[in-house]
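Novice: Sending over run_25.tsv (TSV, C-alpha atoms).
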```
chain	number	residue	atom	x	y	z
A	30	MET	CA	-9.69	13.06	17.92
A	31	CYS	CA	-6.88	10.52	18.23
A	32	SER	CA	-9.27	7.60	17.75
A	33	SER	CA	-10.72	9.07	14.54
A	34	LEU	CA	-7.20	9.73	13.23
A	35	ALA	CA	-6.23	6.13	13.99
A	36	ILE	CA	-9.34	4.83	12.23
A	37	ASN	CA	-8.59	6.97	9.18
A	38	GLN	CA	-5.04	5.59	9.06
A	39	VAL	CA	-6.32	2.02	9.27
A	40	LYS	CA	-8.77	2.71	6.44
A	41	ALA	CA	-6.02	4.31	4.36
A	42	HIS	CA	-3.69	1.31	4.71
A	43	LEU	CA	-6.17	-1.58	4.73
A	44	GLN	CA	-9.08	-0.34	2.65
A	45	THR	CA	-8.35	2.53	0.27
A	46	TYR	CA	-4.66	1.74	-0.32
A	47	PRO	CA	-4.18	1.73	-4.14
A	48	CYS	CA	-2.68	-1.44	-5.65
A	49	PRO	CA	-1.75	-2.26	-9.27
A	50	ILE	CA	-4.63	-4.02	-10.96
A	51	ASN	CA	-2.41	-6.66	-12.61
A	52	ILE	CA	-0.73	-8.21	-9.55
A	53	ASN	CA	-1.18	-11.99	-9.41
A	54	PHE	CA	-1.02	-14.82	-6.87
A	55	MET	CA	2.75	-14.35	-6.41
A	56	TRP	CA	1.86	-11.26	-4.38
A	57	ASN	CA	-0.16	-13.44	-1.94
A	58	PHE	CA	2.87	-14.82	-0.17
A	59	GLY	CA	3.68	-11.70	1.83
A	60	PHE	CA	0.14	-11.80	3.25
A	61	LEU	CA	0.47	-15.54	3.90
A	62	VAL	CA	3.76	-15.06	5.77
A	63	ALA	CA	2.04	-12.58	8.10
A	64	ILE	CA	-0.92	-14.94	8.68
A	65	ALA	CA	1.38	-17.91	9.33
A	66	PHE	CA	3.46	-15.86	11.74
A	67	PHE	CA	0.31	-14.77	13.60
A	68	ILE	CA	-0.73	-18.44	13.91
A	69	GLN	CA	2.71	-19.21	15.30
A	70	ILE	CA	2.38	-16.53	17.97
A	71	ILE	CA	-1.07	-17.72	19.09
A	72	SER	CA	-0.14	-21.41	19.21
A	73	GLY	CA	3.26	-20.60	20.73
A	74	VAL	CA	1.76	-18.63	23.62
A	75	LEU	CA	-0.57	-21.54	24.41
A	76	LEU	CA	2.28	-24.05	24.30
A	77	ALA	CA	4.54	-21.82	26.40
A	78	SER	CA	1.96	-21.85	29.21
A	79	LEU	CA	2.44	-25.63	29.52
A	80	PHE	CA	6.12	-26.03	28.63
A	81	THR	CA	8.81	-26.42	31.31
A	82	ALA	CA	12.22	-25.01	30.35
A	83	GLU	CA	14.32	-27.43	32.39
A	84	ILE	CA	16.48	-30.15	30.84
A	85	THR	CA	15.08	-32.95	33.02
A	86	LEU	CA	11.46	-31.93	32.34
A	87	ALA	CA	11.41	-30.33	28.87
A	88	TYR	CA	11.01	-33.57	26.90
A	89	ASN	CA	8.39	-34.92	29.30
A	90	SER	CA	6.47	-31.64	29.23
A	91	VAL	CA	6.19	-31.90	25.43
A	92	GLN	CA	4.93	-35.49	25.79
A	93	TYR	CA	2.48	-34.30	28.44
A	94	ILE	CA	1.12	-31.67	26.03
A	95	LEU	CA	0.74	-34.28	23.30
A	96	ARG	CA	-0.86	-37.03	25.38
A	97	GLU	CA	-2.64	-35.49	28.38
A	98	ILE	CA	-3.82	-31.98	27.44
A	99	GLY	CA	-7.06	-31.72	25.48
A	100	SER	CA	-6.20	-30.82	21.86
A	101	GLY	CA	-2.58	-30.34	22.96
A	102	TRP	CA	-1.41	-32.50	20.07
A	103	LEU	CA	-3.25	-30.17	17.67
A	104	PHE	CA	-1.42	-27.04	18.86
A	105	ARG	CA	1.90	-28.88	19.01
A	106	TYR	CA	1.65	-30.17	15.43
A	107	LEU	CA	0.16	-26.89	14.25
A	108	HIS	CA	3.09	-24.94	15.68
A	109	ALA	CA	5.66	-27.32	14.19
A	110	THR	CA	3.98	-27.46	10.77
A	111	VAL	CA	3.31	-23.74	10.35
A	112	ALA	CA	7.00	-23.09	11.07
A	113	SER	CA	7.79	-24.85	7.80
A	114	PHE	CA	5.10	-22.88	5.97
A	115	VAL	CA	6.59	-19.62	7.28
A	116	PHE	CA	9.86	-20.43	5.55
A	117	ILE	CA	8.21	-21.80	2.39
A	118	PHE	CA	6.30	-18.56	1.97
A	119	THR	CA	9.33	-16.45	2.92
A	120	TYR	CA	11.64	-18.10	0.38
A	121	ILE	CA	9.02	-17.70	-2.39
A	122	HIS	CA	8.43	-14.09	-1.31
A	123	ILE	CA	12.17	-13.33	-1.52
A	124	ILE	CA	12.59	-14.95	-4.94
A	125	ARG	CA	9.52	-13.08	-6.23
A	126	ALA	CA	10.94	-9.78	-4.96
A	127	ILE	CA	14.20	-10.41	-6.81
A	128	SER	CA	12.54	-11.65	-10.01
A	129	PHE	CA	10.07	-8.78	-10.38
A	130	GLY	CA	12.31	-5.98	-9.17
A	131	SER	CA	10.71	-5.19	-5.81
A	132	CYS	CA	14.03	-5.39	-3.96
A	133	TYR	CA	15.61	-2.81	-6.32
A	134	TYR	CA	12.81	-0.28	-6.22
A	135	LEU	CA	11.51	-0.78	-2.65
A	136	SER	CA	14.87	-0.61	-0.92
A	137	LEU	CA	13.59	0.17	2.60
A	138	THR	CA	10.92	-2.50	2.35
A	139	TRP	CA	13.51	-5.04	1.16
A	140	SER	CA	15.98	-4.18	3.95
A	141	SER	CA	13.35	-4.40	6.69
A	142	GLY	CA	12.19	-7.72	5.24
A	143	LEU	CA	15.72	-9.15	5.39
A	144	VAL	CA	16.00	-8.11	9.05
A	145	MET	CA	12.78	-10.02	9.70
A	146	PHE	CA	14.16	-12.99	7.79
A	147	VAL	CA	17.29	-13.13	9.96
A	148	LEU	CA	15.28	-12.82	13.18
A	149	THR	CA	12.91	-15.54	11.97
A	150	ILE	CA	15.85	-17.88	11.39
A	151	VAL	CA	17.14	-17.19	14.91
A	152	THR	CA	13.68	-17.65	16.42
A	153	ALA	CA	13.13	-20.93	14.57
A	154	PHE	CA	16.49	-22.31	15.70
A	155	LEU	CA	15.79	-21.41	19.33
A	156	GLY	CA	12.39	-23.11	19.10
A	157	TYR	CA	13.93	-26.20	17.50
A	158	VAL	CA	16.06	-26.74	20.60
A	159	LEU	CA	13.22	-26.43	23.13
A	160	PRO	CA	11.62	-29.92	22.77
A	161	TRP	CA	14.99	-31.29	23.96
A	162	GLY	CA	15.04	-34.22	21.59
A	163	GLN	CA	18.17	-35.98	20.44
A	164	MET	CA	18.53	-34.01	17.21
A	165	SER	CA	17.66	-30.72	18.94
A	166	PHE	CA	20.44	-31.16	21.49
A	167	TRP	CA	23.12	-32.05	18.97
A	168	ALA	CA	22.05	-29.29	16.58
A	169	ALA	CA	22.38	-26.80	19.45
A	170	THR	CA	25.80	-28.25	20.28
A	171	VAL	CA	27.01	-27.87	16.69
A	172	ILE	CA	25.79	-24.28	16.33
A	173	THR	CA	27.12	-23.12	19.70
A	174	ASN	CA	30.52	-24.68	18.89
A	175	LEU	CA	30.40	-22.81	15.59
A	176	LEU	CA	30.05	-19.53	17.50
A	177	SER	CA	33.12	-20.28	19.60
A	178	SER	CA	35.22	-18.20	17.20
A	179	ILE	CA	33.50	-15.10	18.66
A	180	PRO	CA	35.01	-14.38	22.11
A	181	TYR	CA	32.70	-14.76	25.14
A	182	LEU	CA	29.62	-15.36	23.01
A	183	VAL	CA	29.24	-19.06	23.81
A	184	SER	CA	29.61	-18.60	27.57
A	185	TRP	CA	27.09	-15.73	27.50
A	186	LEU	CA	24.59	-17.60	25.34
A	187	CYS	CA	24.88	-21.03	26.96
A	188	GLY	CA	25.48	-19.92	30.53
A	189	GLY	CA	28.62	-22.05	30.49
A	190	TYR	CA	30.89	-23.82	28.05
A	191	TYR	CA	28.38	-26.38	26.76
A	192	VAL	CA	24.65	-26.76	26.18
A	193	SER	CA	23.00	-27.23	29.58
A	194	ASN	CA	20.08	-26.10	31.72
A	195	PRO	CA	20.84	-22.33	31.56
A	196	THR	CA	21.05	-22.66	27.77
A	197	LEU	CA	17.55	-24.07	27.54
A	198	LYS	CA	16.11	-21.37	29.80
A	199	ARG	CA	17.74	-18.57	27.80
A	200	PHE	CA	16.64	-20.09	24.51
A	201	PHE	CA	13.08	-20.29	25.82
A	202	VAL	CA	13.06	-16.62	26.88
A	203	LEU	CA	14.50	-15.45	23.55
A	204	HIS	CA	12.16	-17.68	21.58
A	205	PHE	CA	9.20	-16.12	23.40
A	206	ILE	CA	10.34	-12.50	22.96
A	207	LEU	CA	11.67	-12.43	19.38
A	208	PRO	CA	8.33	-13.18	17.62
A	209	PHE	CA	6.85	-10.01	19.10
A	210	VAL	CA	9.87	-8.08	17.84
A	211	VAL	CA	9.28	-9.53	14.37
A	212	LEU	CA	5.59	-8.64	14.66
A	213	GLY	CA	6.56	-4.99	15.17
A	214	LEU	CA	8.89	-5.20	12.17
A	215	ILE	CA	6.03	-6.57	10.06
A	216	ILE	CA	4.10	-3.36	10.74
A	217	ILE	CA	7.14	-1.27	9.79
A	218	HIS	CA	7.62	-3.43	6.68
A	219	ILE	CA	4.02	-2.77	5.57
A	220	LEU	CA	4.36	0.97	6.23
A	221	TYR	CA	7.49	1.16	4.08
A	222	LEU	CA	5.65	-0.72	1.33
A	223	HIS	CA	2.69	1.64	1.44
A	224	ILE	CA	4.91	4.72	1.32
A	225	THR	CA	6.33	3.74	-2.07
A	226	GLY	CA	3.55	1.51	-3.41
A	227	SER	CA	3.51	-2.09	-4.58
A	228	ASN	CA	5.35	-3.32	-7.64
A	229	ASN	CA	3.66	-5.40	-10.35
A	230	PRO	CA	4.62	-8.19	-12.80
A	231	LEU	CA	5.32	-5.74	-15.66
A	232	GLY	CA	7.89	-3.88	-13.58
A	233	ILE	CA	6.59	-0.47	-14.67
A	234	ASP	CA	4.61	2.13	-12.77
A	235	THR	CA	1.01	2.03	-13.89
A	236	PRO	CA	-1.92	4.39	-13.22
A	237	ASN	CA	-4.32	1.42	-13.36
A	238	LYS	CA	-4.92	0.97	-9.64
A	239	VAL	CA	-7.64	-0.62	-7.55
A	240	THR	CA	-8.28	-0.30	-3.83
A	241	PHE	CA	-6.97	-2.99	-1.53
A	242	TYR	CA	-10.50	-3.74	-0.39
A	243	PRO	CA	-12.24	-5.66	-1.85
A	244	THR	CA	-10.24	-6.69	-4.97
A	245	ILE	CA	-6.82	-7.47	-3.51
A	246	LEU	CA	-8.25	-8.69	-0.21
A	247	TRP	CA	-10.31	-11.33	-2.02
A	248	LEU	CA	-7.21	-12.42	-3.91
A	249	ASP	CA	-5.40	-12.82	-0.57
A	250	LEU	CA	-8.34	-14.73	0.93
A	251	LYS	CA	-8.26	-17.21	-1.96
A	252	GLY	CA	-4.61	-17.88	-1.21
A	253	LEU	CA	-5.41	-18.16	2.50
A	254	SER	CA	-8.13	-20.74	1.86
A	255	THR	CA	-5.69	-22.87	-0.15
A	256	PHE	CA	-3.10	-22.57	2.62
A	257	LEU	CA	-5.61	-23.64	5.29
A	258	VAL	CA	-6.63	-26.71	3.26
A	259	ILE	CA	-3.01	-27.83	2.79
A	260	LEU	CA	-2.22	-27.06	6.44
A	261	SER	CA	-5.20	-29.13	7.64
A	262	ILE	CA	-4.15	-32.10	5.51
A	263	GLN	CA	-0.60	-31.94	6.87
A	264	VAL	CA	-1.62	-31.50	10.52
A	265	PHE	CA	-4.34	-34.17	10.61
A	266	ILE	CA	-2.89	-36.70	8.16
A	267	GLY	CA	0.83	-35.88	7.87
A	268	ILE	CA	1.54	-36.42	4.18
A	269	VAL	CA	5.11	-35.11	4.43
A	270	THR	CA	7.71	-35.82	7.13
A	271	LEU	CA	9.00	-32.40	8.17
A	272	SER	CA	10.97	-33.36	11.28
A	273	HIS	CA	13.75	-35.88	11.82
A	274	PRO	CA	12.65	-39.08	13.64
A	275	ASP	CA	15.61	-38.85	16.05
A	276	ASN	CA	14.07	-35.75	17.55
A	277	SER	CA	11.35	-37.96	19.04
A	278	CYS	CA	13.98	-39.60	21.25
A	279	VAL	CA	15.07	-38.19	24.58
A	280	VAL	CA	18.51	-36.57	24.75
A	281	ASP	CA	21.48	-38.89	25.23
A	282	ARG	CA	24.74	-36.97	25.55
A	283	PHE	CA	26.78	-40.14	25.07
A	284	VAL	CA	25.26	-41.18	21.74
A	285	THR	CA	25.96	-38.98	18.73
A	286	PRO	CA	23.51	-39.44	15.82
A	287	LEU	CA	24.90	-40.92	12.63
A	288	GLN	CA	24.04	-37.67	10.85
A	289	ILE	CA	23.14	-34.36	12.49
A	290	VAL	CA	20.45	-32.84	10.29
A	291	PRO	CA	18.48	-29.73	11.30
A	292	GLU	CA	15.04	-28.82	9.99
A	293	TRP	CA	14.84	-28.48	6.21
A	294	TYR	CA	14.69	-24.67	6.23
A	295	PHE	CA	18.15	-24.52	7.85
A	296	LEU	CA	19.71	-26.88	5.31
A	297	PRO	CA	21.02	-24.24	2.81
A	298	PHE	CA	23.05	-22.58	5.56
A	299	TYR	CA	24.01	-25.93	7.08
A	300	ALA	CA	25.29	-27.04	3.66
A	301	MET	CA	27.52	-23.95	3.54
A	302	LEU	CA	28.95	-24.82	6.94
A	303	LYS	CA	29.60	-28.42	5.91
A	304	SER	CA	31.14	-27.53	2.57
A	305	ILE	CA	33.72	-25.11	3.97
A	306	PRO	CA	36.52	-27.00	5.78
A	307	HIS	CA	37.42	-24.16	8.16
A	308	LYS	CA	34.84	-23.44	10.87
A	309	THR	CA	35.28	-19.66	10.98
A	310	SER	CA	35.37	-19.40	7.18
A	311	GLY	CA	32.11	-21.36	6.99
A	312	LEU	CA	30.50	-18.95	9.45
A	313	ILE	CA	31.69	-15.96	7.40
A	314	VAL	CA	30.36	-17.47	4.16
A	315	MET	CA	26.99	-18.18	5.80
A	316	ILE	CA	26.72	-14.58	7.05
A	317	CYS	CA	27.78	-13.21	3.65
A	318	SER	CA	25.10	-15.29	1.93
A	319	ILE	CA	22.48	-13.16	3.67
A	320	GLN	CA	24.47	-9.94	3.77
A	321	CYS	CA	24.97	-9.91	-0.01
A	322	LEU	CA	21.18	-9.73	-0.46
A	323	TYR	CA	21.32	-6.23	1.04
A	324	LEU	CA	23.44	-5.17	-1.94
A	325	LEU	CA	20.37	-5.55	-4.16
A	326	ALA	CA	18.85	-2.59	-2.33
A	327	GLU	CA	22.09	-0.61	-1.95
A	328	GLN	CA	22.70	-0.50	-5.70
A	329	ARG	CA	19.90	2.07	-5.92
A	330	GLN	CA	22.14	4.41	-3.94
A	331	VAL	CA	24.74	4.02	-6.69
A	332	ASN	CA	22.35	5.09	-9.41
A	333	THR	CA	19.34	7.05	-8.14
A	334	LYS	CA	17.84	7.10	-11.67
A	335	LEU	CA	17.13	3.37	-11.59
A	336	PRO	CA	13.49	2.98	-12.68
A	337	ILE	CA	11.26	-0.02	-12.17
A	338	LYS	CA	11.50	-0.88	-15.84
A	339	TYR	CA	14.96	-1.85	-17.09
A	340	THR	CA	16.05	-3.53	-20.28
A	341	HIS	CA	17.71	-6.50	-18.57
A	342	GLY	CA	14.53	-7.46	-16.72
A	343	ARG	CA	14.17	-10.86	-18.38
A	344	SER	CA	17.83	-11.66	-17.82
A	345	ILE	CA	17.46	-10.84	-14.13
A	346	THR	CA	14.39	-13.08	-13.94
A	347	SER	CA	16.46	-15.91	-15.46
A	348	MET	CA	19.28	-15.30	-12.99
A	349	SER	CA	16.72	-15.37	-10.19
A	350	PHE	CA	15.67	-18.83	-11.36
A	351	TRP	CA	19.26	-20.06	-11.18
A	352	LEU	CA	19.65	-18.40	-7.79
A	353	TYR	CA	16.61	-20.34	-6.59
A	354	SER	CA	18.06	-23.53	-8.14
A	355	SER	CA	21.31	-23.04	-6.21
A	356	LEU	CA	19.36	-22.54	-3.00
A	357	TYR	CA	17.28	-25.67	-3.61
A	358	SER	CA	20.43	-27.65	-4.43
A	359	LEU	CA	21.99	-26.55	-1.14
A	360	ILE	CA	18.92	-27.90	0.67
A	361	TRP	CA	19.59	-31.26	-0.98
A	362	VAL	CA	23.32	-31.17	-0.14
A	363	GLY	CA	22.61	-30.24	3.48
A	364	SER	CA	20.42	-33.33	3.92
A	365	GLN	CA	23.15	-35.71	2.70
A	366	LEU	CA	25.97	-37.38	4.61
A	367	PRO	CA	29.18	-35.29	4.77
A	368	GLN	CA	30.95	-37.30	2.08
A	369	CYS	CA	33.51	-35.90	-0.35
A	370	THR	CA	31.15	-36.03	-3.34
A	371	PHE	CA	28.39	-34.08	-1.62
A	372	LEU	CA	30.85	-31.62	-0.12
A	373	SER	CA	32.21	-30.91	-3.60
A	374	TYR	CA	28.68	-30.35	-4.88
A	375	GLY	CA	28.07	-28.05	-1.95
A	376	ARG	CA	31.07	-25.88	-2.81
A	377	ILE	CA	29.94	-25.67	-6.44
A	378	PHE	CA	26.45	-24.55	-5.42
A	379	VAL	CA	27.80	-22.04	-2.89
A	380	ILE	CA	29.98	-20.48	-5.61
A	381	SER	CA	27.00	-20.54	-8.00
A	382	TYR	CA	24.83	-18.73	-5.43
A	383	PHE	CA	27.29	-15.86	-5.04
A	384	ILE	CA	27.93	-15.69	-8.80
A	385	MET	CA	24.20	-15.29	-9.46
A	386	ILE	CA	24.03	-12.41	-6.95
A	387	LEU	CA	27.00	-10.70	-8.63
A	388	VAL	CA	25.53	-11.22	-12.11
A	389	ILE	CA	22.21	-9.68	-11.03
A	390	LEU	CA	24.06	-6.69	-9.57
A	391	GLY	CA	26.10	-6.33	-12.74
A	392	LEU	CA	22.99	-6.41	-14.94
A	393	LEU	CA	21.37	-3.75	-12.82
A	394	LEU	CA	24.35	-1.39	-12.80
A	395	SER	CA	25.06	-1.84	-16.52
A	396	SER	CA	21.45	-1.55	-17.68
A	397	PRO	CA	20.79	1.29	-20.15
A	398	TYR	CA	17.85	3.16	-18.67
A	399	ARG	CA	14.92	4.42	-20.63
```
As structure tokens - that is how I would like this structure written.
Specialist:
Amino acid sequence: MCSSLAINQVKAHLQTYPCPININFMWNFGFLVAIAFFIQIISGVLLASLFTAEITLAYNSVQYILREIGSGWLFRYLHATVASFVFIFTYIHIIRAISFGSCYYLSLTWSSGLVMFVLTIVTAFLGYVLPWGQMSFWAATVITNLLSSIPYLVSWLCGGYYVSNPTLKRFFVLHFILPFVVLGLIIIHILYLHITGSNNPLGIDTPNKVTFYPTILWLDLKGLSTFLVILSIQVFIGIVTLSHPDNSCVVDRFVTPLQIVPEWYFLPFYAMLKSIPHKTSGLIVMICSIQCLYLLAEQRQVNTKLPIKYTHGRSITSMSFWLYSSLYSLIWVGSQLPQCTFLSYGRIFVISYFIMILVILGLLLSSPYR
């Protein structure tokens, strides 16, 4: 009885689930995020079975995986490369949700997605520290010092007052556990989506629906095939440098790098920290940059008559473009040296980011409904 009920639920959500007939490739990225995250879990479990979370052995264990284990280099590069693809797909997925109104109409889906986004950022940072390279160590030092404004947090997280052996062990445990937490949230995220139904490029509810299988599934598989081709080129050839060269060097506590630069997907938040002179204020601004995205879902509680179709739809799409431009500009600022010119640009782009969020909220709340 229970097995037949479970099978019927699986069929309802993966086979007969009705989807708008006019959704395009921009709706592939949610599926691709899930696939990329699943690849991360598989490759991460294999790497964790060979990794040693001890500061005198961590770097050498990574080199051992690369040089001595059969196909170890493949799983190492696959894990590092797919991490970037997770964030590429996530950023596109977020911008698409804002541009086409999914975050306004699917409030529970949007909120659960943002929780996953935050946990993914934390998981990626913890994993970035584990290889115990020069840039990993100093990035961990910068971030843990940033958290010193919160009482007792640094000593609890690091196992002391600086990044050391207990820090690496705790980061390894959290990095192993959090992906499974996110995996559970992905299931909840999909359930929330299927309760309300998917949005579409027109932004209006349409009776023209098709079943998820086979129409939408084939659309997702086309996107997956493209992703696998690009991933294979990057893993086997390496057309783009995704990691800083200093991270290939063993940790030296007595040599500070000329510029501490995290992975590219952390750069927007790193630019906010660099642009704000006060450490605590920079932390608050960084947290608010994510927290303000929740307001896009909360505005539906202000006006429960908000439909999918609103007259300012094109204006909101334009504002979403400028929001994306501000985010991309912060990536550029975060990769530059902390000079006065770039810091000034960073402050301009931070202000622009928050202004775009406020403008989108204002357009939504002032829209005449029809």
Novice: Around the point (-2.5, -3.4, -11.3) in the file's coordinates, collect all residues with an atom within 10 Å, using all atoms listed in the file, and return them as a VMD selection string.
Specialist: chain A and resid 47 to 53 227 to 231 234 to 240 245
Novice: Show me the residues around (12.1, -34.8, 26.1) - criterion: an atom at most 8 Å away, only C-alpha atoms counted - as number ranges by chain.
Specialist: A: 84-92, 160-162, 277-280
Novice: Which is closest to Glu327 (chain A) among A:Ile305, A:Leu137, A:Ile377, A:Leu387, if we use all atoms listed in the file?
Specialist: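 Among the listed residues, the smallest separation from Glu327 (chain A) belongs to A:Leu137.
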Novice: Excluding same-chain residues fewer than 5 positions from Phe114 (chain A), what lies within 9 Å of it counting only C-alpha atoms, as a list in words?
Specialist: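 Surrounding residues, per the criterion: Leu61, Val62, Ala65, Thr119, Phe256 and Leu260 of chain A.
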Novice: From the options A:Trp293, A:Phe383, A:Phe60, A:Tyr133, which residue's atoms come nearest to His218 (chain A), counting only C-alpha atoms?
Specialist: A:Phe60
Novice: Expressed in Å to a single decimal, how great is the separation between CA of Thr173 (chain A) and CA of Leu322 (chain A)?
Specialist: 24.9 Å
Novice: Residues near Gln263 (chain A), anyone? I mean within 10 Å using all atoms listed in the file, not counting same-chain ones fewer than 4 positions away, as a list in words.
Specialist: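 My reading of the contact set: Tyr106, Leu107, Thr110, Val111, Leu257, Val258, Ile259, Gly267, Ile268, Val269, Thr270 and Leu271 of chain A.
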Novice: Please, could you write that set of residues out with C-alpha atoms as a PDB file, in the frame of the given file?
Specialist:
```
ATOM      1  CA  TYR A 106       1.650 -30.170  15.430  1.00  0.00           C
ATOM      2  CA  LEU A 107       0.160 -26.890  14.250  1.00  0.00           C
ATOM      3  CA  THR A 110       3.980 -27.460  10.770  1.00  0.00           C
ATOM      4  CA  VAL A 111       3.310 -23.740  10.350  1.00  0.00           C
ATOM      5  CA  LEU A 257      -5.610 -23.640   5.290  1.00  0.00           C
ATOM      6  CA  VAL A 258      -6.630 -26.710   3.260  1.00  0.00           C
ATOM      7  CA  ILE A 259      -3.010 -27.830   2.790  1.00  0.00           C
ATOM      8  CA  GLY A 267       0.830 -35.880   7.870  1.00  0.00           C
ATOM      9  CA  ILE A 268       1.540 -36.420   4.180  1.00  0.00           C
ATOM     10  CA  VAL A 269       5.110 -35.110   4.430  1.00  0.00           C
ATOM     11  CA  THR A 270       7.710 -35.820   7.130  1.00  0.00           C
ATOM     12  CA  LEU A 271       9.000 -32.400   8.170  1.00  0.00           C
TER      13      LEU A 271
END
```
Novice: For Ser304 (chain A), which residue out of A:Cys132, A:Leu197, A:Leu372, A:Leu356 is the nearest one, using only C-alpha atoms?
Specialist: A:Leu372
Novice: What gap, in Å, lies between CA of Tyr181 (chain A) and CA of Leu207 (chain A)?
Specialist: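 Result for CA of Tyr181 (chain A) versus CA of Leu207 (chain A): 21.9 Å, one decimal.
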Novice: Could you give me, as a VMD selection string, the residues within 12 Å of Ser177 (chain A), counting all atoms listed in the file and dropping anything in the same chain fewer than 3 positions from it?
Specialist: chain A and resid 170 to 174 180 to 187 189 to 191 308 to 309 312
Novice: In terms of the shortest atom-to-atom distance over only C-alpha atoms, which of A:Ile289, A:Leu135, A:Ile179, A:Val379 is closest to Asp275 (chain A)?
Specialist: A:Ile289
Novice: Between A:Ala109, A:Met145, A:Ala300, A:Leu246, which one has atoms that come closest to Val264 (chain A), using all atoms listed in the file?
Specialist: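 Smallest separation from Val264 (chain A) among the options: A:Ala109.
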Novice: Hey, can you check how far CA of Leu95 (chain A) sits from CA of His108 (chain A)?
Specialist: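 Atom-to-atom, CA of Leu95 (chain A) and CA of His108 (chain A) are spaced 12.3 Å apart.
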Novice: Check the smallest atom-to-atom distance from each of A:Trp351, A:Phe104, A:Tyr357, A:Tyr299 to Ile68 (chain A) using all atoms listed in the file, then report the winner.
Specialist: A:Phe104
Novice: Skip Gly156 (chain A) itself and residues of its chain fewer than 2 positions away, then list as a list in words all residues within 9 Å of it, counting all atoms listed in the file.
Specialist: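 Here the answer would be Val151, Thr152, Ala153, Phe154, Val158, Leu159, Pro160, Phe200, Phe201, His204 and Phe205 of chain A.
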